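Asker: This one is work.txt, compact mmCIF, C-alpha atoms.
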```txt
# COMPACT_ATOMS: atom_id res chain seq x y z
CA MET A 1 137.49 142.40 137.32
CA LYS A 2 138.57 141.93 133.71
CA THR A 3 139.61 138.91 131.66
CA LYS A 4 139.93 137.91 128.03
CA VAL A 5 137.40 135.05 128.06
CA ALA A 6 134.57 134.76 130.60
CA ILE A 7 133.41 131.15 130.87
CA ILE A 8 130.00 130.45 132.37
CA GLY A 9 129.92 126.90 133.75
CA GLY A 10 132.52 124.94 135.71
CA GLY A 11 131.80 121.52 134.26
CA PRO A 12 134.19 119.62 132.00
CA SER A 13 133.66 121.72 128.87
CA GLY A 14 134.18 125.06 130.64
CA LEU A 15 137.22 123.76 132.52
CA LEU A 16 138.73 122.19 129.40
CA LEU A 17 138.35 125.42 127.44
CA SER A 18 139.89 127.39 130.31
CA GLN A 19 142.86 125.02 130.60
CA LEU A 20 143.49 124.94 126.84
CA LEU A 21 143.45 128.74 126.70
CA HIS A 22 145.89 128.81 129.62
CA THR A 23 148.38 126.71 127.64
CA ARG A 24 148.50 129.55 125.10
CA GLY A 25 148.72 132.34 127.68
CA ILE A 26 145.10 133.46 127.21
CA ASP A 27 143.53 134.23 130.58
CA SER A 28 139.97 133.32 131.53
CA VAL A 29 137.62 133.32 134.51
CA VAL A 30 135.21 130.44 135.15
CA LEU A 31 131.89 131.10 136.91
CA GLU A 32 130.15 128.06 138.44
CA ARG A 33 126.67 128.13 139.98
CA LYS A 34 127.31 125.24 142.39
CA THR A 35 130.18 124.19 144.65
CA LYS A 36 133.15 122.19 143.45
CA GLU A 37 131.97 119.25 145.57
CA TYR A 38 128.55 119.32 143.91
CA VAL A 39 130.05 119.33 140.41
CA LEU A 40 132.32 116.40 141.28
CA GLY A 41 129.36 114.52 142.75
CA ARG A 42 127.48 114.37 139.46
CA ILE A 43 127.49 110.90 137.85
CA ARG A 44 127.80 111.10 134.08
CA ALA A 45 128.93 109.08 131.08
CA GLY A 46 132.47 107.89 130.66
CA VAL A 47 133.07 106.89 127.02
CA LEU A 48 135.57 109.30 125.45
CA GLU A 49 136.34 109.68 121.76
CA GLN A 50 139.96 109.96 120.66
CA GLY A 51 139.38 113.61 119.82
CA PHE A 52 138.54 114.24 123.46
CA VAL A 53 141.57 112.24 124.59
CA LYS A 54 143.83 114.37 122.38
CA LEU A 55 142.35 117.58 123.78
CA MET A 56 143.09 116.36 127.30
CA GLU A 57 146.66 115.61 126.20
CA GLU A 58 146.99 119.09 124.69
CA ALA A 59 145.65 120.55 127.94
CA GLY A 60 148.29 118.62 129.91
CA CYS A 61 145.62 116.68 131.83
CA ALA A 62 145.81 113.16 130.38
CA ASP A 63 148.30 111.33 132.63
CA ARG A 64 145.80 109.81 135.08
CA MET A 65 143.36 109.06 132.27
CA HIS A 66 146.01 107.01 130.46
CA ALA A 67 147.05 105.29 133.69
CA GLU A 68 143.57 104.44 134.99
CA GLY A 69 141.27 104.57 131.96
CA PHE A 70 140.28 101.53 129.90
CA PRO A 71 140.79 101.64 126.11
CA HIS A 72 137.97 99.70 124.42
CA ASP A 73 138.51 98.26 120.95
CA GLY A 74 134.86 97.36 120.37
CA THR A 75 131.37 96.99 121.77
CA LEU A 76 128.75 94.25 121.98
CA ILE A 77 125.19 94.50 120.68
CA SER A 78 122.49 92.00 121.58
CA TYR A 79 118.87 91.38 120.65
CA GLY A 80 117.20 88.56 122.48
CA ASP A 81 119.90 85.91 122.93
CA GLU A 82 121.72 86.97 119.74
CA MET A 83 124.90 88.97 120.34
CA PHE A 84 127.60 90.29 118.03
CA ARG A 85 130.64 92.52 118.35
CA VAL A 86 131.51 95.68 116.44
CA ASP A 87 135.32 95.81 116.29
CA PHE A 88 136.37 99.47 116.43
CA ALA A 89 140.09 98.72 116.16
CA ALA A 90 139.74 96.51 113.07
CA LEU A 91 137.25 98.82 111.34
CA THR A 92 138.76 102.23 112.17
CA GLY A 93 142.14 101.61 113.82
CA THR A 94 140.85 103.65 116.77
CA PRO A 95 139.59 102.70 120.25
CA VAL A 96 137.48 104.69 122.69
CA MET A 97 138.56 105.41 126.26
CA VAL A 98 136.33 104.46 129.20
CA TYR A 99 137.07 107.03 131.92
CA GLY A 100 134.36 108.63 134.03
CA GLN A 101 133.31 112.21 133.44
CA THR A 102 133.73 112.85 137.16
CA GLU A 103 137.39 111.87 136.86
CA VAL A 104 137.85 114.09 133.80
CA THR A 105 136.40 116.99 135.77
CA ARG A 106 138.60 116.21 138.78
CA ASP A 107 141.73 116.22 136.59
CA LEU A 108 140.75 119.54 135.02
CA TYR A 109 140.04 121.17 138.39
CA GLU A 110 143.42 120.02 139.63
CA ALA A 111 145.14 121.51 136.58
CA ARG A 112 143.32 124.85 136.85
CA GLU A 113 144.09 125.11 140.56
CA LYS A 114 147.74 124.21 140.04
CA ALA A 115 147.98 126.94 137.38
CA GLY A 116 146.28 129.49 139.63
CA GLY A 117 143.23 129.68 137.38
CA LYS A 118 140.39 131.89 138.54
CA ILE A 119 137.21 129.92 139.32
CA GLU A 120 134.31 131.44 141.24
CA PHE A 121 131.78 129.10 142.88
CA ASN A 122 128.27 129.69 144.25
CA VAL A 123 127.66 132.21 141.50
CA ASP A 124 124.06 133.42 141.15
CA GLN A 125 122.01 135.86 139.05
CA VAL A 126 124.40 135.80 136.08
CA LYS A 127 123.44 138.25 133.35
CA ILE A 128 125.21 138.71 130.02
CA HIS A 129 125.39 142.30 128.82
CA ASP A 130 126.29 143.80 125.43
CA ALA A 131 127.20 140.43 123.89
CA ASP A 132 126.54 141.91 120.45
CA THR A 133 129.20 144.60 120.96
CA ALA A 134 132.99 144.58 121.20
CA ALA A 135 132.82 145.09 124.99
CA PRO A 136 130.62 142.42 126.62
CA TYR A 137 130.47 142.02 130.39
CA LEU A 138 128.79 139.86 133.01
CA THR A 139 127.11 140.81 136.26
CA TYR A 140 126.48 138.26 138.99
CA THR A 141 126.46 137.72 142.73
CA VAL A 142 128.51 135.51 145.04
CA ASP A 143 126.94 135.02 148.46
CA GLY A 144 124.87 138.16 147.85
CA ASP A 145 127.89 140.25 146.85
CA ALA A 146 127.34 141.97 143.46
CA ARG A 147 130.20 141.65 140.98
CA ARG A 148 131.06 142.59 137.41
CA LEU A 149 133.36 140.84 134.94
CA ASP A 150 134.47 142.65 131.79
CA CYS A 151 135.79 140.50 128.96
CA ASP A 152 136.50 140.22 125.25
CA PHE A 153 134.39 137.06 124.74
CA VAL A 154 131.82 134.99 126.64
CA ALA A 155 131.73 131.18 126.43
CA GLY A 156 128.42 129.72 127.56
CA CYS A 157 129.23 126.26 128.94
CA ASP A 158 126.40 126.33 131.48
CA GLY A 159 124.20 123.49 130.26
CA PHE A 160 120.66 123.16 128.99
CA HIS A 161 119.12 125.15 131.88
CA GLY A 162 121.78 127.88 131.95
CA VAL A 163 121.47 131.56 131.10
CA SER A 164 123.71 131.64 128.02
CA ARG A 165 121.31 130.31 125.40
CA GLN A 166 118.52 132.51 126.75
CA ALA A 167 120.72 135.57 126.14
CA ILE A 168 120.42 135.06 122.38
CA PRO A 169 117.29 136.94 121.21
CA LEU A 170 114.32 134.80 120.17
CA ASP A 171 114.20 136.44 116.75
CA VAL A 172 117.78 135.20 116.18
CA ARG A 173 117.57 131.78 117.82
CA ARG A 174 115.87 128.69 116.39
CA GLU A 175 115.46 125.47 118.34
CA TYR A 176 114.88 121.90 117.20
CA GLU A 177 113.76 119.21 119.63
CA LYS A 178 112.59 115.61 119.88
CA ILE A 179 111.36 114.21 123.20
CA TYR A 180 111.59 110.43 123.55
CA PRO A 181 108.68 108.62 125.25
CA PHE A 182 110.84 106.81 127.82
CA GLY A 183 113.72 107.32 130.22
CA TRP A 184 116.77 105.45 131.46
CA LEU A 185 116.86 104.09 134.99
CA GLY A 186 120.53 103.86 135.94
CA ILE A 187 122.33 102.42 138.94
CA LEU A 188 125.92 102.48 140.08
CA SER A 189 127.14 99.45 142.02
CA GLU A 190 130.44 98.36 143.55
CA THR A 191 130.50 95.15 141.51
CA PRO A 192 132.73 93.90 138.68
CA PRO A 193 131.29 94.62 135.20
CA VAL A 194 129.54 91.72 133.51
CA ASN A 195 131.82 92.12 130.48
CA HIS A 196 135.06 93.96 129.77
CA GLU A 197 133.28 95.82 126.93
CA LEU A 198 129.95 97.65 126.89
CA ILE A 199 126.84 95.65 126.03
CA TYR A 200 123.99 97.46 124.27
CA ALA A 201 120.92 95.22 124.50
CA THR A 202 117.40 95.30 123.15
CA SER A 203 114.62 92.85 123.91
CA GLU A 204 110.85 92.55 123.96
CA ARG A 205 110.97 94.23 127.36
CA GLY A 206 113.04 97.20 126.20
CA PHE A 207 116.59 98.52 126.12
CA ALA A 208 119.45 97.84 128.56
CA LEU A 209 123.09 98.92 128.77
CA CYS A 210 125.89 97.25 130.72
CA SER A 211 128.73 99.70 131.29
CA MET A 212 131.48 100.30 133.83
CA ARG A 213 133.67 102.87 135.54
CA ASN A 214 136.47 100.54 136.61
CA GLU A 215 137.14 96.90 137.51
CA ASN A 216 134.97 97.10 140.63
CA LEU A 217 132.47 99.82 139.76
CA SER A 218 129.69 99.10 137.27
CA ARG A 219 127.05 101.28 135.66
CA TYR A 220 123.85 99.66 134.38
CA TYR A 221 120.76 101.11 132.71
CA ILE A 222 117.33 99.90 131.68
CA GLN A 223 114.69 101.66 129.63
CA CYS A 224 111.77 102.71 131.84
CA SER A 225 108.55 104.69 131.76
CA LEU A 226 108.74 108.46 132.11
CA SER A 227 106.22 108.14 134.94
CA ASP A 228 108.59 105.96 136.99
CA HIS A 229 110.59 107.27 139.94
CA PRO A 230 113.86 105.79 141.25
CA GLU A 231 112.20 104.86 144.54
CA ASP A 232 109.69 102.73 142.60
CA TRP A 233 112.51 100.31 141.83
CA THR A 234 114.14 98.18 144.51
CA ASP A 235 117.65 96.92 143.75
CA ASP A 236 116.30 93.38 143.43
CA ALA A 237 113.66 94.50 140.93
CA PHE A 238 116.29 96.33 138.87
CA TRP A 239 118.66 93.36 138.73
CA ALA A 240 115.85 90.97 137.83
CA GLU A 241 114.70 93.22 134.98
CA LEU A 242 118.24 93.73 133.68
CA LYS A 243 118.76 89.97 133.54
CA ARG A 244 115.61 89.59 131.44
CA ARG A 245 116.93 92.04 128.84
CA ILE A 246 120.45 90.73 128.24
CA PRO A 247 121.50 87.36 126.77
CA LYS A 248 121.23 84.44 129.19
CA GLU A 249 124.98 83.77 129.06
CA GLN A 250 125.65 87.30 130.30
CA ALA A 251 122.77 87.27 132.80
CA ASP A 252 124.16 84.11 134.39
CA LYS A 253 127.53 85.85 134.94
CA LEU A 254 126.07 89.10 136.31
CA VAL A 255 127.33 89.98 139.80
CA THR A 256 124.70 91.96 141.68
CA GLY A 257 124.98 94.11 144.77
CA PRO A 258 123.55 97.18 146.54
CA SER A 259 123.23 100.32 144.42
CA ILE A 260 125.23 103.31 145.57
CA GLU A 261 123.42 105.69 143.20
CA LYS A 262 120.10 105.38 141.39
CA SER A 263 118.47 107.90 139.06
CA ILE A 264 116.21 108.27 136.03
CA ALA A 265 117.19 110.40 133.06
CA PRO A 266 114.74 111.49 130.35
CA LEU A 267 115.94 111.32 126.73
CA ARG A 268 115.82 114.18 124.26
CA SER A 269 117.45 115.39 121.08
CA PHE A 270 117.88 119.17 120.99
CA VAL A 271 119.81 121.70 118.92
CA THR A 272 119.77 125.48 118.92
CA GLU A 273 121.02 127.57 116.01
CA PRO A 274 123.15 129.62 115.79
CA MET A 275 125.75 128.77 118.44
CA ARG A 276 127.21 132.26 118.32
CA TRP A 277 125.69 135.70 118.81
CA GLY A 278 128.13 138.57 118.68
CA ARG A 279 130.85 137.71 121.19
CA LEU A 280 128.80 135.05 122.97
CA PHE A 281 129.54 131.42 122.04
CA LEU A 282 127.54 128.39 123.19
CA CYS A 283 129.32 125.12 124.03
CA GLY A 284 127.99 121.69 124.88
CA ASP A 285 124.60 121.21 126.51
CA ALA A 286 123.91 124.94 126.33
CA ALA A 287 123.49 124.44 122.58
CA HIS A 288 122.60 120.78 122.09
CA ILE A 289 121.48 117.60 123.84
CA VAL A 290 121.70 114.02 122.56
CA PRO A 291 120.16 110.86 124.00
CA PRO A 292 122.91 108.97 125.84
CA THR A 293 122.67 105.89 123.63
CA GLY A 294 125.66 106.82 121.50
CA ALA A 295 127.76 108.43 124.30
CA LYS A 296 127.96 111.70 122.36
CA GLY A 297 127.02 114.34 124.95
CA LEU A 298 130.41 115.06 126.52
CA ASN A 299 132.21 114.27 123.26
CA THR A 300 130.17 116.74 121.25
CA ALA A 301 130.86 119.38 123.90
CA ALA A 302 134.56 118.63 123.45
CA SER A 303 134.36 119.21 119.69
CA ASP A 304 132.73 122.59 120.40
CA VAL A 305 135.62 123.40 122.72
CA HIS A 306 138.07 122.39 119.98
CA TYR A 307 136.55 124.80 117.45
CA LEU A 308 136.19 127.67 119.94
CA TYR A 309 139.65 127.26 121.47
CA ASN A 310 141.31 127.27 118.07
CA GLY A 311 139.25 130.24 116.92
CA LEU A 312 140.17 132.25 120.01
CA ARG A 313 143.81 131.22 119.74
CA ASP A 314 143.91 132.40 116.13
CA PHE A 315 142.31 135.68 117.18
CA TYR A 316 144.81 136.43 119.95
CA GLU A 317 147.92 135.03 118.28
CA ASN A 318 147.37 136.08 114.65
CA GLY A 319 144.70 138.77 114.79
CA SER A 320 142.43 136.63 112.61
CA GLU A 321 138.66 136.45 113.12
CA GLU A 322 138.12 133.60 110.66
CA GLY A 323 137.97 130.92 113.37
CA ILE A 324 135.50 132.73 115.60
CA ASN A 325 133.39 133.82 112.63
CA SER A 326 133.09 130.22 111.39
CA TYR A 327 132.65 128.66 114.85
CA SER A 328 128.90 128.15 114.74
CA GLU A 329 128.88 126.72 111.22
CA LYS A 330 131.72 124.26 111.92
CA ALA A 331 130.36 123.17 115.28
CA LEU A 332 126.81 122.66 114.00
CA LYS A 333 127.92 120.50 111.07
CA ARG A 334 129.45 118.03 113.49
CA VAL A 335 126.65 118.41 116.03
CA TRP A 336 123.99 117.38 113.54
CA LYS A 337 125.98 114.28 112.55
CA ALA A 338 126.24 113.31 116.22
CA GLU A 339 122.50 113.96 116.61
CA ARG A 340 121.78 111.69 113.63
CA PHE A 341 123.91 108.88 115.02
CA SER A 342 122.38 109.11 118.51
CA TRP A 343 118.84 109.24 117.07
CA TRP A 344 119.52 106.24 114.79
CA PHE A 345 121.08 104.11 117.53
CA SER A 346 118.30 105.03 119.98
CA SER A 347 115.59 104.26 117.41
CA MET A 348 117.06 100.83 116.70
CA MET A 349 117.57 99.76 120.33
CA HIS A 350 114.49 100.99 122.22
CA ARG A 351 110.87 99.87 122.34
CA TYR A 352 108.39 102.65 121.62
CA PRO A 353 104.82 102.65 123.01
CA ASP A 354 103.17 103.13 119.60
CA GLN A 355 105.24 100.61 117.60
CA SER A 356 103.43 98.38 115.11
CA GLU A 357 104.43 94.83 114.21
CA PHE A 358 105.95 96.29 111.04
CA ASP A 359 108.06 98.69 113.09
CA LEU A 360 109.36 95.82 115.21
CA LYS A 361 110.28 93.83 112.12
CA MET A 362 112.18 96.85 110.78
CA GLN A 363 114.18 97.09 114.01
CA THR A 364 115.11 93.43 113.75
CA ALA A 365 116.07 93.85 110.10
CA ASP A 366 118.23 96.85 111.00
CA LEU A 367 120.02 94.80 113.67
CA GLU A 368 120.45 91.83 111.32
CA PHE A 369 121.91 94.10 108.65
CA LEU A 370 124.33 95.59 111.15
CA ARG A 371 125.32 92.13 112.40
CA THR A 372 126.07 90.76 108.92
CA ASN A 373 127.28 93.77 106.92
CA LYS A 374 130.84 95.04 107.31
CA ALA A 375 130.09 98.42 105.70
CA ALA A 376 127.26 99.01 108.17
CA GLN A 377 129.54 98.11 111.06
CA GLN A 378 132.25 100.40 109.75
CA ALA A 379 129.81 103.32 109.53
CA MET A 380 128.69 102.66 113.10
CA ALA A 381 132.28 102.29 114.33
CA GLU A 382 133.39 105.55 112.66
CA ASN A 383 130.55 107.42 114.35
CA TYR A 384 131.05 105.75 117.72
CA VAL A 385 134.79 106.39 118.01
CA GLY A 386 134.20 109.95 116.80
CA LEU A 387 134.07 111.74 113.48
CA PRO A 388 137.08 113.98 112.74
CA TYR A 389 136.97 117.61 113.85
```
Would you kindly transcribe this structure into structure tokens?

Answerer:
Amino acid sequence: MKTKVAIIGGGPSGLLLSQLLHTRGIDSVVLERKTKEYVLGRIRAGVLEQGFVKLMEEAGCADRMHAEGFPHDGTLISYGDEMFRVDFAALTGTPVMVYGQTEVTRDLYEAREKAGGKIEFNVDQVKIHDADTAAPYLTYTVDGDARRLDCDFVAGCDGFHGVSRQAIPLDVRREYEKIYPFGWLGILSETPPVNHELIYATSERGFALCSMRNENLSRYYIQCSLSDHPEDWTDDAFWAELKRRIPKEQADKLVTGPSIEKSIAPLRSFVTEPMRWGRLFLCGDAAHIVPPTGAKGLNTAASDVHYLYNGLRDFYENGSEEGINSYSEKALKRVWKAERFSWWFSSMMHRYPDQSEFDLKMQTADLEFLRTNKAAQQAMAENYVGLPY
């Protein structure tokens, strides 16, 4: 089999790239390790920057998002019983869109299937060959059947544990990483959200986040120990701890109920450089990870897709290699800014095991400055709604 662009990974970034290329008549094949049902069963973040929204519009996949998503003009930040609002609309003229990653993925699968896009599931033993030549190809198996895919370019959208990053030689690749000494315990519940906007909360007991998927589906998180397991926490224990970490006015309004999903996610910051080797390009989690505090994971993957899609389009439509040659440099400049924002926001909102009294005072001062300073709020708002591509 032969295609122009081989895409490893059938999550939202791989599907979005495939659909965008399709709109320009550039064919691709998507290889996914799991089943479609498994991919759609993953619970992920749902705060989308306007850049992501525009890419979905360009891909022809935004109708349901606009009909069912929730534009948010701001967010709430609390420390103790103090709470203030950062007004995105007033400070930047731009909202964010709350629309679950699962729904984004569902919309993209529907579009690829409607267009007759080639997606192979249950793919195993993927190997990338000759990526540093003009004729790369992939070998893999599907249900034990050996296959080969020849292509012009390979897009590695296969996540942190995928094969794409590992295909870049160690003497070429450099990795940067920070591991945070805590995790997030998250639950999904069929309850109305406590507020119509997200609440980021910090307290003496640690961080909490009140989020939502829709009017009757809420997503809540609390900072927890890395040694914890989801089964260590009953629903009642989770709700009680969440109430201790958010302002009393919000805690009194909180509607609780049985969890329908419960998990713990570790937090890390990670970047690999470069994001291109020969005709192999890394996108999203294959190249970088951010802590979820700033909702930048999926959005940073989308900016990678933007740069790669436009580079490939320029190559096929105009014969220019400028876009693909500059892909890694452009993507990394924006990646590092997203990493900085996520690191800063995480550092301000979480309790660390080795914090001194001075460190705690600095966190409070940082929050007070953000609460009272318009320039600080504008800088936060600009980063949260998404820096320009």

Asker: Just the residues within 6 Å of range 348-358 of chain A, please, counting all atoms listed in the file, with nothing from its chain fewer than 3 positions along; format it as a tab-separated table (two decimals) with C-alpha atoms, in the frame of the given file.

Answerer:
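Below you can see selection_17.tsv, which holds the result:
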```
chain	number	residue	atom	x	y	z
A	202	THR	CA	117.40	95.30	123.15
A	206	GLY	CA	113.04	97.20	126.20
A	207	PHE	CA	116.59	98.52	126.12
A	345	PHE	CA	121.08	104.11	117.53
A	361	LYS	CA	110.28	93.83	112.12
A	363	GLN	CA	114.18	97.09	114.01
```

Asker: With a distance cut-off of 10 Å and only C-alpha atoms, select the neighbouring residues of Asn325 in chain A, excluding the residue or stretch itself and same-chain residues fewer than 2 positions from it, and output the selection as a PyMOL selection string.

Answerer: chain A and resi 276+278-279+308+311+320-323+327-330

Asker: Ranking A:Leu108, A:Leu312, A:Ala201, A:Val385 by minimum distance to Thr300 in chain A and counting all atoms listed in the file, which one comes first?

Answerer: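 So, comparing all the options, the nearest one is A:Val385.
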
Asker: Return as JSON lines the residues of range 91-195 of chain A lying at most 12 Å from range 73-84 of chain A, together with the closest atom-to-atom pair for each and the distance in Å to one decimal, counting only C-alpha atoms, with rows in chain order and ascending residue number.

Answerer:
```
{"residue": "A:Leu91", "atom": "CA", "partner": "A:Gly74", "partner_atom": "CA", "distance": 9.5}
{"residue": "A:Thr92", "atom": "CA", "partner": "A:Asp73", "partner_atom": "CA", "distance": 9.6}
{"residue": "A:Gly93", "atom": "CA", "partner": "A:Asp73", "partner_atom": "CA", "distance": 8.7}
{"residue": "A:Thr94", "atom": "CA", "partner": "A:Asp73", "partner_atom": "CA", "distance": 7.2}
{"residue": "A:Pro95", "atom": "CA", "partner": "A:Asp73", "partner_atom": "CA", "distance": 4.6}
{"residue": "A:Val96", "atom": "CA", "partner": "A:Asp73", "partner_atom": "CA", "distance": 6.7}
{"residue": "A:Met97", "atom": "CA", "partner": "A:Asp73", "partner_atom": "CA", "distance": 8.9}
{"residue": "A:Val98", "atom": "CA", "partner": "A:Asp73", "partner_atom": "CA", "distance": 10.5}
{"residue": "A:Val194", "atom": "CA", "partner": "A:Leu76", "partner_atom": "CA", "distance": 11.8}
{"residue": "A:Asn195", "atom": "CA", "partner": "A:Leu76", "partner_atom": "CA", "distance": 9.3}
```

Asker: Could you check the closest approach to Arg173 in chain A for each of A:Pro247, A:Pro274, A:Gly11, A:Pro193 and tell me which residue wins, using all atoms listed in the file?

Answerer: A:Pro274

Asker: Near Lys333 in chain A, within 12 Å and counting all atoms listed in the file, which residues show up once chain neighbours fewer than 3 positions away are dropped, as a list in words?

Answerer: Val271, Glu273, Pro274, Met275, Thr300, Ser303, Asp304, Tyr307, Ser326, Tyr327, Ser328, Glu329, Lys330, Trp336, Lys337, Ala338, Glu339, Arg340, Leu387, Pro388 and Tyr389 of chain A

Asker: What is the distance between CA of Leu280 in chain A and CA of Leu149 in chain A, in Å to one decimal?

Answerer: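 About the pair CA of Leu280 in chain A and CA of Leu149 in chain A: they are 14.1 Å apart.
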
Asker: May I ask for the distance between CA of Tyr200 in chain A and CA of Phe70 in chain A, given in Å to one decimal place?

Answerer: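 So the two atoms, CA of Tyr200 in chain A and CA of Phe70 in chain A, lie 17.7 Å apart.
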
Asker: Taking 4 positions as the minimum chain separation for residues in the same chain, which residues sit within 12 Å of range 237-244 of chain A when counting only C-alpha atoms? Answer as a ChimeraX atom specification.

Answerer: /A:79-81,184-189,194,199-210,219-224,230-233,248-259,262-263

Asker: Go through A:Arg213, A:His196, A:Arg64, A:His129 one by one, measure the shortest atom-to-atom distance of each to Asp150 in chain A using only C-alpha atoms, and give the residue with the smallest value.

Answerer: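 Among the listed residues, the smallest separation from Asp150 in chain A belongs to A:His129.
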
Asker: Which residues are near range 152-165 of chain A? Cut-off 7 Å, all atoms listed in the file, ignore same chain within fewer than 3 positions. Put them as a PDB file with C-alpha atoms, in the coordinates of the input.

Answerer:
```pdb
ATOM      1  CA  LYS A   4     139.930 137.910 128.030  1.00  0.00           C
ATOM      2  CA  VAL A   5     137.400 135.050 128.060  1.00  0.00           C
ATOM      3  CA  ALA A   6     134.570 134.760 130.600  1.00  0.00           C
ATOM      4  CA  ILE A   7     133.410 131.150 130.870  1.00  0.00           C
ATOM      5  CA  ILE A   8     130.000 130.450 132.370  1.00  0.00           C
ATOM      6  CA  GLY A   9     129.920 126.900 133.750  1.00  0.00           C
ATOM      7  CA  SER A  13     133.660 121.720 128.870  1.00  0.00           C
ATOM      8  CA  GLY A  14     134.180 125.060 130.640  1.00  0.00           C
ATOM      9  CA  ALA A 134     132.990 144.580 121.200  1.00  0.00           C
ATOM     10  CA  ALA A 135     132.820 145.090 124.990  1.00  0.00           C
ATOM     11  CA  PRO A 136     130.620 142.420 126.620  1.00  0.00           C
ATOM     12  CA  ILE A 168     120.420 135.060 122.380  1.00  0.00           C
ATOM     13  CA  ARG A 279     130.850 137.710 121.190  1.00  0.00           C
ATOM     14  CA  LEU A 280     128.800 135.050 122.970  1.00  0.00           C
ATOM     15  CA  PHE A 281     129.540 131.420 122.040  1.00  0.00           C
ATOM     16  CA  LEU A 282     127.540 128.390 123.190  1.00  0.00           C
ATOM     17  CA  CYS A 283     129.320 125.120 124.030  1.00  0.00           C
ATOM     18  CA  GLY A 284     127.990 121.690 124.880  1.00  0.00           C
ATOM     19  CA  ASP A 285     124.600 121.210 126.510  1.00  0.00           C
ATOM     20  CA  ALA A 286     123.910 124.940 126.330  1.00  0.00           C
ATOM     21  CA  ALA A 287     123.490 124.440 122.580  1.00  0.00           C
TER      22      ALA A 287
END
```

Asker: Between CA of Asp107 in chain A and CA of Phe52 in chain A, what is the distance in Å, rounded to a tenth?

Answerer: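 Spanning CA of Asp107 in chain A to CA of Phe52 in chain A is a straight-line distance of 13.7 Å.
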
Asker: Let me make sure I understand: among A:Thr23, A:Asn373, A:Thr105, A:Thr139, which one has the smallest atom-to-atom distance to Tyr38 in chain A if we use all atoms listed in the file?

Answerer: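 Of all the options, A:Thr105 lies closest to Tyr38 in chain A.
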
Asker: Given the choices A:Ala62, A:Val47, A:Leu217, A:Ile119, which gets closest to Lys296 in chain A if the distance is worked out from all atoms listed in the file?

Answerer: A:Val47

Asker: Pick out the closest residue to Ala381 in chain A from this set: A:Pro266, A:Glu49, A:Pro71, A:Asp124. Count all atoms listed in the file.

Answerer: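 Comparing A:Pro266, A:Glu49, A:Pro71, A:Asp124 against Ala381 in chain A, the winner is A:Glu49.
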
Asker: Please write out, as lines of an AutoDock Vina configuration file, where the centre of an axis-aligned box around all listed atoms of range 308-319 of chain A lies and how long its edges are, in Å to one decimal, after adding 6 Å on each side.

Answerer:
```
center_x = 142.1
center_y = 133.0
center_z = 118.1
size_x = 23.7
size_y = 23.5
size_z = 18.8
```
